[in-house]
file work36.cif (mmCIF, C-alpha atoms)
data_structure
#
loop_
_atom_site.group_PDB
_atom_site.id
_atom_site.type_symbol
_atom_site.label_atom_id
_atom_site.label_comp_id
_atom_site.auth_asym_id
_atom_site.auth_seq_id
_atom_site.Cartn_x
_atom_site.Cartn_y
_atom_site.Cartn_z
ATOM 1 C CA MET W 1 146.497 -161.630 -74.022
ATOM 2 C CA ARG W 2 143.394 -163.820 -73.554
ATOM 3 C CA ILE W 3 141.361 -162.976 -70.480
ATOM 4 C CA ASN W 4 139.371 -165.543 -68.496
ATOM 5 C CA LEU W 5 136.226 -163.713 -67.392
ATOM 6 C CA PHE W 6 133.510 -164.618 -64.887
ATOM 7 C CA ILE W 7 130.349 -162.479 -64.599
ATOM 8 C CA LEU W 8 128.259 -162.350 -61.448
ATOM 9 C CA SER W 9 124.953 -160.489 -61.783
ATOM 10 C CA GLU W 10 121.585 -160.663 -60.050
ATOM 11 C CA ASP W 11 120.051 -158.843 -63.029
ATOM 12 C CA PRO W 12 119.387 -161.271 -65.936
ATOM 13 C CA VAL W 13 119.005 -158.407 -68.419
ATOM 14 C CA SER W 14 122.367 -156.907 -67.476
ATOM 15 C CA LEU W 15 123.991 -160.345 -67.634
ATOM 16 C CA ALA W 16 122.581 -161.044 -71.086
ATOM 17 C CA GLY W 17 123.808 -157.671 -72.347
ATOM 18 C CA LEU W 18 127.334 -158.264 -71.073
ATOM 19 C CA GLU W 19 127.400 -161.773 -72.536
ATOM 20 C CA ALA W 20 126.400 -160.367 -75.933
ATOM 21 C CA ILE W 21 129.219 -157.833 -75.786
ATOM 22 C CA VAL W 22 131.847 -160.341 -74.637
ATOM 23 C CA GLU W 23 130.990 -162.720 -77.478
ATOM 24 C CA GLN W 24 132.215 -160.056 -79.937
ATOM 25 C CA ASP W 25 135.871 -160.344 -78.905
ATOM 26 C CA ASP W 26 137.941 -163.526 -79.038
ATOM 27 C CA SER W 27 140.440 -162.072 -76.573
ATOM 28 C CA VAL W 28 137.911 -162.581 -73.763
ATOM 29 C CA ASN W 29 137.079 -166.137 -72.681
ATOM 30 C CA LEU W 30 133.830 -166.236 -70.704
ATOM 31 C CA ILE W 31 134.391 -169.119 -68.273
ATOM 32 C CA GLY W 32 131.196 -168.738 -66.261
ATOM 33 C CA THR W 33 128.171 -166.644 -65.358
ATOM 34 C CA ALA W 34 125.617 -166.584 -62.568
ATOM 35 C CA VAL W 35 122.479 -164.627 -61.704
ATOM 36 C CA ASP W 36 122.079 -165.890 -58.142
ATOM 37 C CA GLU W 37 124.673 -164.565 -55.698
ATOM 38 C CA SER W 38 125.155 -167.619 -53.467
ATOM 39 C CA HIS W 39 125.087 -170.045 -56.404
ATOM 40 C CA GLY W 40 127.370 -167.791 -58.401
ATOM 41 C CA LEU W 41 130.006 -167.639 -55.697
ATOM 42 C CA ARG W 42 129.959 -171.429 -55.389
ATOM 43 C CA CYS W 43 130.372 -171.711 -59.172
ATOM 44 C CA LEU W 44 133.325 -169.343 -59.001
ATOM 45 C CA GLU W 45 134.914 -171.360 -56.201
ATOM 46 C CA ASN W 46 134.461 -174.688 -58.028
ATOM 47 C CA ASN W 47 135.347 -173.488 -61.521
ATOM 48 C CA PRO W 48 138.315 -175.474 -62.896
ATOM 49 C CA LEU W 49 139.489 -172.369 -64.769
ATOM 50 C CA ARG W 50 140.815 -169.494 -62.711
ATOM 51 C CA PRO W 51 139.326 -166.148 -63.755
ATOM 52 C CA ASP W 52 141.617 -163.241 -64.530
ATOM 53 C CA VAL W 53 138.750 -160.791 -64.063
ATOM 54 C CA VAL W 54 135.414 -161.012 -62.267
ATOM 55 C CA ILE W 55 132.654 -158.575 -63.201
ATOM 56 C CA ILE W 56 130.046 -157.766 -60.556
ATOM 57 C CA ALA W 57 127.235 -156.420 -62.715
ATOM 58 C CA GLU W 58 124.389 -154.210 -61.477
ATOM 59 C CA PRO W 59 124.545 -155.270 -57.821
ATOM 60 C CA PRO W 60 121.316 -154.302 -56.019
ATOM 61 C CA SER W 61 123.025 -152.309 -53.269
ATOM 62 C CA LYS W 62 126.269 -150.989 -51.821
ATOM 63 C CA ARG W 63 125.987 -153.772 -49.278
ATOM 64 C CA ALA W 64 125.897 -156.410 -52.044
ATOM 65 C CA ILE W 65 129.003 -154.941 -53.699
ATOM 66 C CA CYS W 66 130.963 -155.004 -50.438
ATOM 67 C CA ARG W 67 129.790 -158.509 -49.569
ATOM 68 C CA ASN W 68 130.742 -159.943 -52.965
ATOM 69 C CA VAL W 69 134.125 -158.198 -53.117
ATOM 70 C CA ALA W 70 135.018 -159.338 -49.602
ATOM 71 C CA TRP W 71 134.055 -162.897 -50.463
ATOM 72 C CA ILE W 72 136.139 -162.957 -53.658
ATOM 73 C CA VAL W 73 139.159 -161.492 -51.851
ATOM 74 C CA SER W 74 138.739 -164.099 -49.103
ATOM 75 C CA LEU W 75 138.408 -166.964 -51.592
ATOM 76 C CA TYR W 76 141.804 -166.245 -53.154
ATOM 77 C CA ARG W 77 143.616 -165.086 -50.019
ATOM 78 C CA GLN W 78 146.029 -168.059 -50.077
ATOM 79 C CA GLU W 79 147.164 -167.370 -53.649
ATOM 80 C CA LYS W 80 149.896 -165.005 -54.745
ATOM 81 C CA SER W 81 147.327 -162.969 -56.643
ATOM 82 C CA ARG W 82 143.560 -162.865 -56.962
ATOM 83 C CA PRO W 83 141.285 -162.100 -59.906
ATOM 84 C CA GLN W 84 140.834 -158.437 -60.673
ATOM 85 C CA ILE W 85 137.359 -157.115 -59.878
ATOM 86 C CA VAL W 86 135.316 -154.734 -62.000
ATOM 87 C CA VAL W 87 131.935 -153.352 -60.943
ATOM 88 C CA VAL W 88 129.514 -152.435 -63.720
ATOM 89 C CA SER W 89 126.722 -150.447 -62.093
ATOM 90 C CA GLN W 90 124.582 -147.401 -62.718
ATOM 91 C CA ASN W 91 124.841 -146.710 -58.982
ATOM 92 C CA ASP W 92 127.705 -144.230 -59.111
ATOM 93 C CA TYR W 93 127.254 -142.405 -55.808
ATOM 94 C CA ASP W 94 130.539 -141.294 -54.303
ATOM 95 C CA ASP W 95 130.211 -143.346 -51.096
ATOM 96 C CA VAL W 96 129.485 -146.526 -53.057
ATOM 97 C CA ILE W 97 132.520 -146.099 -55.308
ATOM 98 C CA VAL W 98 134.879 -145.220 -52.457
ATOM 99 C CA SER W 99 133.733 -148.210 -50.377
ATOM 100 C CA ALA W 100 134.226 -150.522 -53.357
ATOM 101 C CA LEU W 101 137.725 -149.186 -54.002
ATOM 102 C CA ARG W 102 138.736 -149.576 -50.368
ATOM 103 C CA LEU W 103 137.695 -153.229 -50.417
ATOM 104 C CA GLY W 104 139.759 -154.013 -53.512
ATOM 105 C CA VAL W 105 137.786 -153.211 -56.662
ATOM 106 C CA ASN W 106 140.064 -152.547 -59.648
ATOM 107 C CA GLY W 107 137.550 -150.898 -61.954
ATOM 108 C CA TYR W 108 134.161 -149.217 -61.808
ATOM 109 C CA LEU W 109 132.069 -148.567 -64.911
ATOM 110 C CA ALA W 110 128.887 -146.554 -64.407
ATOM 111 C CA ARG W 111 127.992 -146.660 -68.079
ATOM 112 C CA ILE W 112 129.331 -148.688 -70.997
ATOM 113 C CA ALA W 113 129.292 -146.383 -73.997
ATOM 114 C CA SER W 114 130.577 -149.035 -76.417
ATOM 115 C CA PRO W 115 131.896 -152.611 -76.468
ATOM 116 C CA GLU W 116 135.382 -151.193 -76.990
ATOM 117 C CA GLU W 117 135.157 -149.346 -73.669
ATOM 118 C CA LEU W 118 134.426 -152.594 -71.828
ATOM 119 C CA PHE W 119 137.196 -154.515 -73.613
ATOM 120 C CA GLN W 120 139.703 -151.769 -72.911
ATOM 121 C CA ALA W 121 138.765 -151.770 -69.220
ATOM 122 C CA LEU W 122 139.094 -155.556 -68.989
ATOM 123 C CA HIS W 123 142.565 -155.530 -70.555
ATOM 124 C CA ILE W 124 143.717 -152.658 -68.345
ATOM 125 C CA VAL W 125 142.688 -154.353 -65.097
ATOM 126 C CA ALA W 126 143.933 -157.768 -66.251
ATOM 127 C CA ARG W 127 147.398 -156.210 -66.601
ATOM 128 C CA GLY W 128 147.170 -154.844 -63.058
ATOM 129 C CA GLY W 129 145.837 -151.379 -63.816
ATOM 130 C CA ALA W 130 142.658 -149.579 -62.821
ATOM 131 C CA ALA W 131 139.795 -148.595 -65.123
ATOM 132 C CA PHE W 132 136.919 -146.199 -64.566
ATOM 133 C CA SER W 133 134.180 -144.571 -66.584
ATOM 134 C CA PRO W 134 135.182 -141.080 -67.777
ATOM 135 C CA THR W 135 132.575 -139.475 -65.514
ATOM 136 C CA ILE W 136 133.952 -141.287 -62.459
ATOM 137 C CA ALA W 137 137.570 -140.553 -63.346
ATOM 138 C CA ALA W 138 136.730 -136.860 -63.704
ATOM 139 C CA ARG W 139 135.318 -136.818 -60.170
ATOM 140 C CA PHE W 140 138.384 -138.321 -58.474
ATOM 141 C CA SER W 141 139.987 -134.926 -57.963
ATOM 142 C CA ARG W 142 136.887 -133.865 -56.030
ATOM 143 C CA PHE W 143 136.940 -137.057 -53.953
ATOM 144 C CA PHE W 144 140.461 -136.446 -52.708
ATOM 145 C CA ALA W 145 140.024 -132.710 -52.371
ATOM 146 C CA THR W 146 137.223 -133.245 -49.867
ATOM 147 C CA ILE W 147 138.599 -136.330 -48.102
ATOM 148 C CA GLN W 148 141.824 -135.358 -46.348
ATOM 149 C CA ARG W 149 142.498 -138.823 -45.029
ATOM 150 C CA LEU W 150 140.539 -142.038 -45.443
ATOM 151 C CA PRO W 151 140.383 -144.214 -42.337
ATOM 152 C CA GLU W 152 142.533 -147.304 -42.521
ATOM 153 C CA PRO W 153 140.463 -150.085 -44.108
ATOM 154 C CA PRO W 154 139.851 -153.232 -42.063
ATOM 155 C CA GLU W 155 141.886 -156.280 -43.038
ATOM 156 C CA PHE W 156 138.983 -158.019 -44.753
ATOM 157 C CA SER W 157 141.344 -160.002 -46.949
ATOM 158 C CA GLN W 158 142.371 -162.037 -43.897
ATOM 159 C CA LEU W 159 138.827 -163.139 -43.127
ATOM 160 C CA THR W 160 137.555 -166.529 -44.219
ATOM 161 C CA SER W 161 134.231 -166.751 -46.043
ATOM 162 C CA ARG W 162 132.541 -167.910 -42.804
ATOM 163 C CA GLU W 163 134.081 -165.043 -40.831
ATOM 164 C CA THR W 164 132.923 -162.595 -43.490
ATOM 165 C CA GLU W 165 129.418 -164.020 -43.241
ATOM 166 C CA ILE W 166 129.415 -163.662 -39.448
ATOM 167 C CA LEU W 167 130.794 -160.117 -39.675
ATOM 168 C CA GLU W 168 127.890 -159.258 -41.980
ATOM 169 C CA LEU W 169 125.433 -160.502 -39.344
ATOM 170 C CA LEU W 170 127.296 -158.642 -36.593
ATOM 171 C CA ALA W 171 126.939 -155.468 -38.630
ATOM 172 C CA ASP W 172 123.205 -156.158 -38.860
ATOM 173 C CA GLY W 173 123.065 -155.979 -35.063
ATOM 174 C CA MET W 174 122.702 -159.696 -34.308
ATOM 175 C CA ASN W 175 124.056 -161.172 -31.073
ATOM 176 C CA ASN W 176 125.889 -164.500 -30.859
ATOM 177 C CA ARG W 177 122.744 -166.470 -30.082
ATOM 178 C CA GLN W 178 120.903 -165.053 -33.070
ATOM 179 C CA ILE W 179 123.873 -165.708 -35.363
ATOM 180 C CA ALA W 180 124.120 -169.286 -34.116
ATOM 181 C CA ARG W 181 120.455 -169.877 -34.910
ATOM 182 C CA ARG W 182 120.732 -168.256 -38.331
ATOM 183 C CA LEU W 183 123.789 -170.318 -39.361
ATOM 184 C CA PHE W 184 122.888 -173.519 -37.478
ATOM 185 C CA LEU W 185 126.058 -173.329 -35.396
ATOM 186 C CA ALA W 186 126.757 -173.830 -31.696
ATOM 187 C CA GLU W 187 126.877 -170.555 -29.795
ATOM 188 C CA LYS W 188 130.382 -171.415 -28.566
ATOM 189 C CA THR W 189 131.497 -171.837 -32.185
ATOM 190 C CA VAL W 190 130.142 -168.388 -33.022
ATOM 191 C CA ARG W 191 132.013 -166.897 -30.044
ATOM 192 C CA ASN W 192 135.238 -168.438 -31.355
ATOM 193 C CA TYR W 193 134.637 -166.993 -34.808
ATOM 194 C CA VAL W 194 133.895 -163.568 -33.329
ATOM 195 C CA SER W 195 137.138 -163.663 -31.320
ATOM 196 C CA ARG W 196 139.125 -164.458 -34.462
ATOM 197 C CA ILE W 197 137.397 -161.587 -36.294
ATOM 198 C CA PHE W 198 138.417 -159.201 -33.503
ATOM 199 C CA THR W 199 142.022 -160.374 -33.806
ATOM 200 C CA LYS W 200 142.150 -160.011 -37.589
ATOM 201 C CA LEU W 201 140.509 -156.583 -37.563
ATOM 202 C CA GLU W 202 142.709 -155.514 -34.649
ATOM 203 C CA VAL W 203 139.761 -154.391 -32.531
ATOM 204 C CA HIS W 204 139.032 -155.079 -28.868
ATOM 205 C CA ASP W 205 135.274 -155.276 -28.753
ATOM 206 C CA ARG W 206 132.112 -155.960 -30.693
ATOM 207 C CA ALA W 207 131.122 -152.339 -31.185
ATOM 208 C CA ALA W 208 134.468 -151.490 -32.798
ATOM 209 C CA ALA W 209 134.189 -154.460 -35.154
ATOM 210 C CA VAL W 210 130.681 -153.407 -36.166
ATOM 211 C CA LEU W 211 131.788 -149.829 -36.820
ATOM 212 C CA ARG W 212 134.629 -151.062 -39.040
ATOM 213 C CA ALA W 213 132.237 -153.316 -40.928
ATOM 214 C CA ARG W 214 129.591 -150.632 -41.447
ATOM 215 C CA ASP W 215 132.219 -148.150 -42.557
ATOM 216 C CA ALA W 216 133.024 -150.596 -45.364
ATOM 217 C CA GLY W 217 129.367 -150.985 -46.308
ATOM 218 C CA PHE W 218 128.334 -154.078 -44.360
ATOM 219 C CA GLY W 219 125.050 -154.268 -42.482
ATOM 220 C CA ASP W 220 121.806 -152.342 -42.686
ATOM 221 C CA GLN W 221 122.997 -148.785 -42.182
ATOM 222 C CA ALA W 222 119.554 -147.429 -41.402
ATOM 223 C CA ASP W 223 118.137 -149.992 -39.005
ATOM 224 C CA ALA W 224 120.984 -151.831 -37.269
ATOM 225 C CA VAL W 225 121.782 -150.932 -33.659
ATOM 226 C CA LEU W 226 125.222 -151.370 -32.179
ATOM 227 C CA PRO W 227 125.128 -154.572 -30.106
ATOM 228 C CA GLN W 228 125.899 -154.282 -26.413
ATOM 229 C CA HIS W 229 125.668 -157.911 -25.349
ATOM 230 C CA ALA W 230 126.514 -161.295 -26.842
#
call {"tool": "encode", "arguments": {"input": "work36.cif", "output": "structure tokens"}}
result
Amino acid sequence: MRINLFILSEDPVSLAGLEAIVEQDDSVNLIGTAVDESHGLRCLENNPLRPDVVIIAEPPSKRAICRNVAWIVSLYRQEKSRPQIVVVSQNDYDDVIVSALRLGVNGYLARIASPEELFQALHIVARGGAAFSPTIAARFSRFFATIQRLPEPPEFSQLTSRETEILELLADGMNNRQIARRLFLAEKTVRNYVSRIFTKLEVHDRAAAVLRARDAGFGDQADAVLPQHA
């Protein structure tokens, strides 16, 4: 099985290391890489070859992981299946991993002990499985022992890329006017997008939508204030 792989990383050193590993195995076909998030996502969207697996390598924050995963899921929402997603990150805090899994990540590698470990993970997720570093896998029993029931995740897969972008700004505490100025849109257009987001997330107001988004890792958790007015 030959795997089409795309790597998205904002860390050039991490990207170069992964490229060097991938070049060692002919079963992995590297179809594209990017170090800039916005450029990388455009490259992924316009790539003539469909990736089987996308690696998000050393994302700078939990927020970046959630944003990128939601965008990839949204990009392929009209297809029968989407590329599998693997996060390679030394950030292995429990809340980061759980948020990534809830959004649709298929593998999470905190450390790569050897090239073989990476290749094995890629082949497992490409076949529809899940792959995790041994240290993360060993902690799963503790995750589910302490979490009796995870809240239902929002239906992010139904959001378009523009709706995901607006939801991110909502979670940052912006009102409709501020979002319109940021995205160079008419305020009425933003209101229409916000209404569609409410419908897709099955919420009735702005505060509920923001809480859902922040629960999944969107927005500045420390500084954002729940919006009260448009």
call {"tool": "closest_atom_pairs", "arguments": {"input": "work36.cif", "of": "stretch 121-212 of chain W", "to": "stretch 37-54 of chain W", "cutoff": "12 Å", "atoms": "only C-alpha atoms", "output": "JSON lines"}}
result
{"residue": "W:Ala121", "atom": "CA", "partner": "W:Val53", "partner_atom": "CA", "distance": 10.4}
{"residue": "W:Leu122", "atom": "CA", "partner": "W:Val53", "partner_atom": "CA", "distance": 7.2}
{"residue": "W:His123", "atom": "CA", "partner": "W:Val53", "partner_atom": "CA", "distance": 9.2}
{"residue": "W:Ile124", "atom": "CA", "partner": "W:Val53", "partner_atom": "CA", "distance": 10.4}
{"residue": "W:Val125", "atom": "CA", "partner": "W:Val53", "partner_atom": "CA", "distance": 7.6}
{"residue": "W:Ala126", "atom": "CA", "partner": "W:Asp52", "partner_atom": "CA", "distance": 6.2}
{"residue": "W:Arg127", "atom": "CA", "partner": "W:Asp52", "partner_atom": "CA", "distance": 9.3}
{"residue": "W:Gly128", "atom": "CA", "partner": "W:Asp52", "partner_atom": "CA", "distance": 10.2}
{"residue": "W:Gly129", "atom": "CA", "partner": "W:Val53", "partner_atom": "CA", "distance": 11.8}
{"residue": "W:Ala130", "atom": "CA", "partner": "W:Val53", "partner_atom": "CA", "distance": 11.9}
{"residue": "W:Ser161", "atom": "CA", "partner": "W:Leu41", "partner_atom": "CA", "distance": 10.6}
{"residue": "W:Glu165", "atom": "CA", "partner": "W:Ser38", "partner_atom": "CA", "distance": 11.6}
call {"tool": "atom_distance", "arguments": {"input": "work36.cif", "atom1": "atom CA of W:Asp26", "atom2": "atom CA of W:Leu118"}}
result
13.6 Å
call {"tool": "closest_residue", "arguments": {"input": "work36.cif", "among": "W:Asp205, W:Lys80, W:Ile85, W:Glu116", "to": "W:Ile56", "atoms": "all atoms listed in the file"}}
result
W:Ile85
call {"tool": "atom_distance", "arguments": {"input": "work36.cif", "atom1": "atom CA of W:Gln178", "atom2": "atom CA of W:Ser195"}}
result
16.4 Å
call {"tool": "axis_aligned_box", "arguments": {"input": "work36.cif", "around": "stretch 16-26 of chain W", "padding_each_side": "3 Å", "output": "lines of an AutoDock Vina configuration file"}}
result
center_x = 130.3
center_y = -160.6
center_z = -75.5
size_x = 21.4
size_y = 11.9
size_z = 14.9
call {"tool": "atom_distance", "arguments": {"input": "work36.cif", "atom1": "atom CA of W:Gln24", "atom2": "atom CA of W:Asp36"}}
result
24.7 Å
call {"tool": "closest_residue", "arguments": {"input": "work36.cif", "among": "W:Arg196, W:Arg2, W:Arg139, W:Arg214", "to": "W:Tyr93", "atoms": "all atoms listed in the file"}}
result
W:Arg139
call {"tool": "closest_residue", "arguments": {"input": "work36.cif", "among": "W:Ala216, W:Glu23, W:Ala57, W:Gln158", "to": "W:Gln78", "atoms": "all atoms listed in the file"}}
result
W:Gln158
call {"tool": "closest_residue", "arguments": {"input": "work36.cif", "among": "W:Asp215, W:Glu168, W:Glu202, W:Asp94", "to": "W:Ala64", "atoms": "all atoms listed in the file"}}
result
W:Glu168
call {"tool": "resolve_selection", "arguments": {"input": "work36.cif", "expression": "the PyMOL selection byres ((chain W and resi 55) around 12)", "output": "ChimeraX atom specification"}}
result
/W:4-10,14-15,18-19,22,30-35,40,44,51-54,56-59,65,68-69,72,83-89,105-109,118,121-122,125-126
call {"tool": "write_last_selection", "arguments": {"input": "work36.cif", "atoms": "C-alpha atoms", "output": "mmCIF file, in the coordinates of the input"}}
result
data_model
loop_
_atom_site.group_PDB
_atom_site.id
_atom_site.type_symbol
_atom_site.label_atom_id
_atom_site.label_comp_id
_atom_site.auth_asym_id
_atom_site.auth_seq_id
_atom_site.Cartn_x
_atom_site.Cartn_y
_atom_site.Cartn_z
ATOM 1 C CA ASN W 4 139.371 -165.543 -68.496
ATOM 2 C CA LEU W 5 136.226 -163.713 -67.392
ATOM 3 C CA PHE W 6 133.510 -164.618 -64.887
ATOM 4 C CA ILE W 7 130.349 -162.479 -64.599
ATOM 5 C CA LEU W 8 128.259 -162.350 -61.448
ATOM 6 C CA SER W 9 124.953 -160.489 -61.783
ATOM 7 C CA GLU W 10 121.585 -160.663 -60.050
ATOM 8 C CA SER W 14 122.367 -156.907 -67.476
ATOM 9 C CA LEU W 15 123.991 -160.345 -67.634
ATOM 10 C CA LEU W 18 127.334 -158.264 -71.073
ATOM 11 C CA GLU W 19 127.400 -161.773 -72.536
ATOM 12 C CA VAL W 22 131.847 -160.341 -74.637
ATOM 13 C CA LEU W 30 133.830 -166.236 -70.704
ATOM 14 C CA ILE W 31 134.391 -169.119 -68.273
ATOM 15 C CA GLY W 32 131.196 -168.738 -66.261
ATOM 16 C CA THR W 33 128.171 -166.644 -65.358
ATOM 17 C CA ALA W 34 125.617 -166.584 -62.568
ATOM 18 C CA VAL W 35 122.479 -164.627 -61.704
ATOM 19 C CA GLY W 40 127.370 -167.791 -58.401
ATOM 20 C CA LEU W 44 133.325 -169.343 -59.001
ATOM 21 C CA PRO W 51 139.326 -166.148 -63.755
ATOM 22 C CA ASP W 52 141.617 -163.241 -64.530
ATOM 23 C CA VAL W 53 138.750 -160.791 -64.063
ATOM 24 C CA VAL W 54 135.414 -161.012 -62.267
ATOM 25 C CA ILE W 56 130.046 -157.766 -60.556
ATOM 26 C CA ALA W 57 127.235 -156.420 -62.715
ATOM 27 C CA GLU W 58 124.389 -154.210 -61.477
ATOM 28 C CA PRO W 59 124.545 -155.270 -57.821
ATOM 29 C CA ILE W 65 129.003 -154.941 -53.699
ATOM 30 C CA ASN W 68 130.742 -159.943 -52.965
ATOM 31 C CA VAL W 69 134.125 -158.198 -53.117
ATOM 32 C CA ILE W 72 136.139 -162.957 -53.658
ATOM 33 C CA PRO W 83 141.285 -162.100 -59.906
ATOM 34 C CA GLN W 84 140.834 -158.437 -60.673
ATOM 35 C CA ILE W 85 137.359 -157.115 -59.878
ATOM 36 C CA VAL W 86 135.316 -154.734 -62.000
ATOM 37 C CA VAL W 87 131.935 -153.352 -60.943
ATOM 38 C CA VAL W 88 129.514 -152.435 -63.720
ATOM 39 C CA SER W 89 126.722 -150.447 -62.093
ATOM 40 C CA VAL W 105 137.786 -153.211 -56.662
ATOM 41 C CA ASN W 106 140.064 -152.547 -59.648
ATOM 42 C CA GLY W 107 137.550 -150.898 -61.954
ATOM 43 C CA TYR W 108 134.161 -149.217 -61.808
ATOM 44 C CA LEU W 109 132.069 -148.567 -64.911
ATOM 45 C CA LEU W 118 134.426 -152.594 -71.828
ATOM 46 C CA ALA W 121 138.765 -151.770 -69.220
ATOM 47 C CA LEU W 122 139.094 -155.556 -68.989
ATOM 48 C CA VAL W 125 142.688 -154.353 -65.097
ATOM 49 C CA ALA W 126 143.933 -157.768 -66.251
#
call {"tool": "closest_residue", "arguments": {"input": "work36.cif", "among": "W:Ala16, W:Ala171, W:Ala208, W:Leu201", "to": "W:Arg67", "atoms": "only C-alpha atoms"}}
result
W:Ala171
call {"tool": "closest_atom_pairs", "arguments": {"input": "work36.cif", "of": "stretch 97-176 of chain W", "to": "stretch 191-194 of chain W", "cutoff": "8 Å", "atoms": "all atoms listed in the file", "output": "tab-separated table"}}
result
residue	atom	partner	partner_atom	distance
W:Glu163	CA	W:Tyr193	CA	6.4
W:Ile166	CA	W:Val194	CA	7.6
W:Leu167	CA	W:Val194	CA	7.9
W:Asn176	CA	W:Arg191	CA	6.6
call {"tool": "closest_residue", "arguments": {"input": "work36.cif", "among": "W:Glu79, W:Glu117, W:Glu187, W:Asp92", "to": "W:Ile21", "atoms": "all atoms listed in the file"}}
result
W:Glu117
call {"tool": "residues_around", "arguments": {"input": "work36.cif", "residues": "W:Cys66", "least_positions_apart": "4", "cutoff": "8 Å", "atoms": "only C-alpha atoms", "output": "list in words"}}
result
Lys62, Ala70, Ser99, Ala100, Leu103, Ala216, Gly217 and Phe218 of chain W
call {"tool": "write_last_selection", "arguments": {"input": "work36.cif", "atoms": "C-alpha atoms", "output": "CSV table (one decimal), in the coordinates of the input"}}
result
chain,number,residue,atom,x,y,z
W,62,LYS,CA,126.3,-151.0,-51.8
W,70,ALA,CA,135.0,-159.3,-49.6
W,99,SER,CA,133.7,-148.2,-50.4
W,100,ALA,CA,134.2,-150.5,-53.4
W,103,LEU,CA,137.7,-153.2,-50.4
W,216,ALA,CA,133.0,-150.6,-45.4
W,217,GLY,CA,129.4,-151.0,-46.3
W,218,PHE,CA,128.3,-154.1,-44.4
call {"tool": "decode", "arguments": {"input": "work36.cif", "residues": "stretch 56-100 of chain W", "atoms": "C-alpha atoms", "output": "mmCIF file, in the first residue's frame"}}
result
data_model
loop_
_atom_site.group_PDB
_atom_site.id
_atom_site.type_symbol
_atom_site.label_atom_id
_atom_site.label_comp_id
_atom_site.auth_asym_id
_atom_site.auth_seq_id
_atom_site.Cartn_x
_atom_site.Cartn_y
_atom_site.Cartn_z
ATOM 1 C CA ILE W 56 0.120 18.307 11.478
ATOM 2 C CA ALA W 57 3.623 18.619 12.893
ATOM 3 C CA GLU W 58 4.555 20.587 16.019
ATOM 4 C CA PRO W 59 1.580 22.966 15.964
ATOM 5 C CA PRO W 60 2.264 25.999 18.188
ATOM 6 C CA SER W 61 -0.859 25.592 20.318
ATOM 7 C CA LYS W 62 -3.972 23.566 21.074
ATOM 8 C CA ARG W 63 -5.882 26.265 19.241
ATOM 9 C CA ALA W 64 -3.795 25.720 16.084
ATOM 10 C CA ILE W 65 -4.412 21.958 16.192
ATOM 11 C CA CYS W 66 -8.178 22.424 16.483
ATOM 12 C CA ARG W 67 -8.260 25.079 13.770
ATOM 13 C CA ASN W 68 -6.292 22.966 11.289
ATOM 14 C CA VAL W 69 -8.235 19.763 11.978
ATOM 15 C CA ALA W 70 -11.569 21.553 11.619
ATOM 16 C CA TRP W 71 -10.446 23.080 8.342
ATOM 17 C CA ILE W 72 -9.290 19.747 6.891
ATOM 18 C CA VAL W 73 -12.533 18.038 7.936
ATOM 19 C CA SER W 74 -14.507 20.890 6.357
ATOM 20 C CA LEU W 75 -12.493 20.763 3.126
ATOM 21 C CA TYR W 76 -13.396 17.122 2.486
ATOM 22 C CA ARG W 77 -16.919 17.170 3.917
ATOM 23 C CA GLN W 78 -18.524 16.479 0.510
ATOM 24 C CA GLU W 79 -16.443 13.343 -0.097
ATOM 25 C CA LYS W 80 -17.219 9.843 1.089
ATOM 26 C CA SER W 81 -14.041 9.872 3.149
ATOM 27 C CA ARG W 82 -11.411 12.400 4.151
ATOM 28 C CA PRO W 83 -7.663 12.085 4.677
ATOM 29 C CA GLN W 84 -6.628 10.615 7.990
ATOM 30 C CA ILE W 85 -4.994 13.118 10.341
ATOM 31 C CA VAL W 86 -1.959 12.507 12.524
ATOM 32 C CA VAL W 87 -0.585 15.069 14.974
ATOM 33 C CA VAL W 88 3.133 14.900 15.724
ATOM 34 C CA SER W 89 3.720 17.136 18.733
ATOM 35 C CA GLN W 90 5.685 17.209 21.956
ATOM 36 C CA ASN W 91 2.658 18.909 23.519
ATOM 37 C CA ASP W 92 1.056 15.825 25.034
ATOM 38 C CA TYR W 93 -1.140 17.374 27.722
ATOM 39 C CA ASP W 94 -4.332 15.429 28.288
ATOM 40 C CA ASP W 95 -6.695 18.271 27.321
ATOM 41 C CA VAL W 96 -4.854 18.854 24.041
ATOM 42 C CA ILE W 97 -5.008 15.188 23.044
ATOM 43 C CA VAL W 98 -8.668 14.778 23.996
ATOM 44 C CA SER W 99 -9.683 17.918 22.075
ATOM 45 C CA ALA W 100 -7.784 16.704 19.009
#
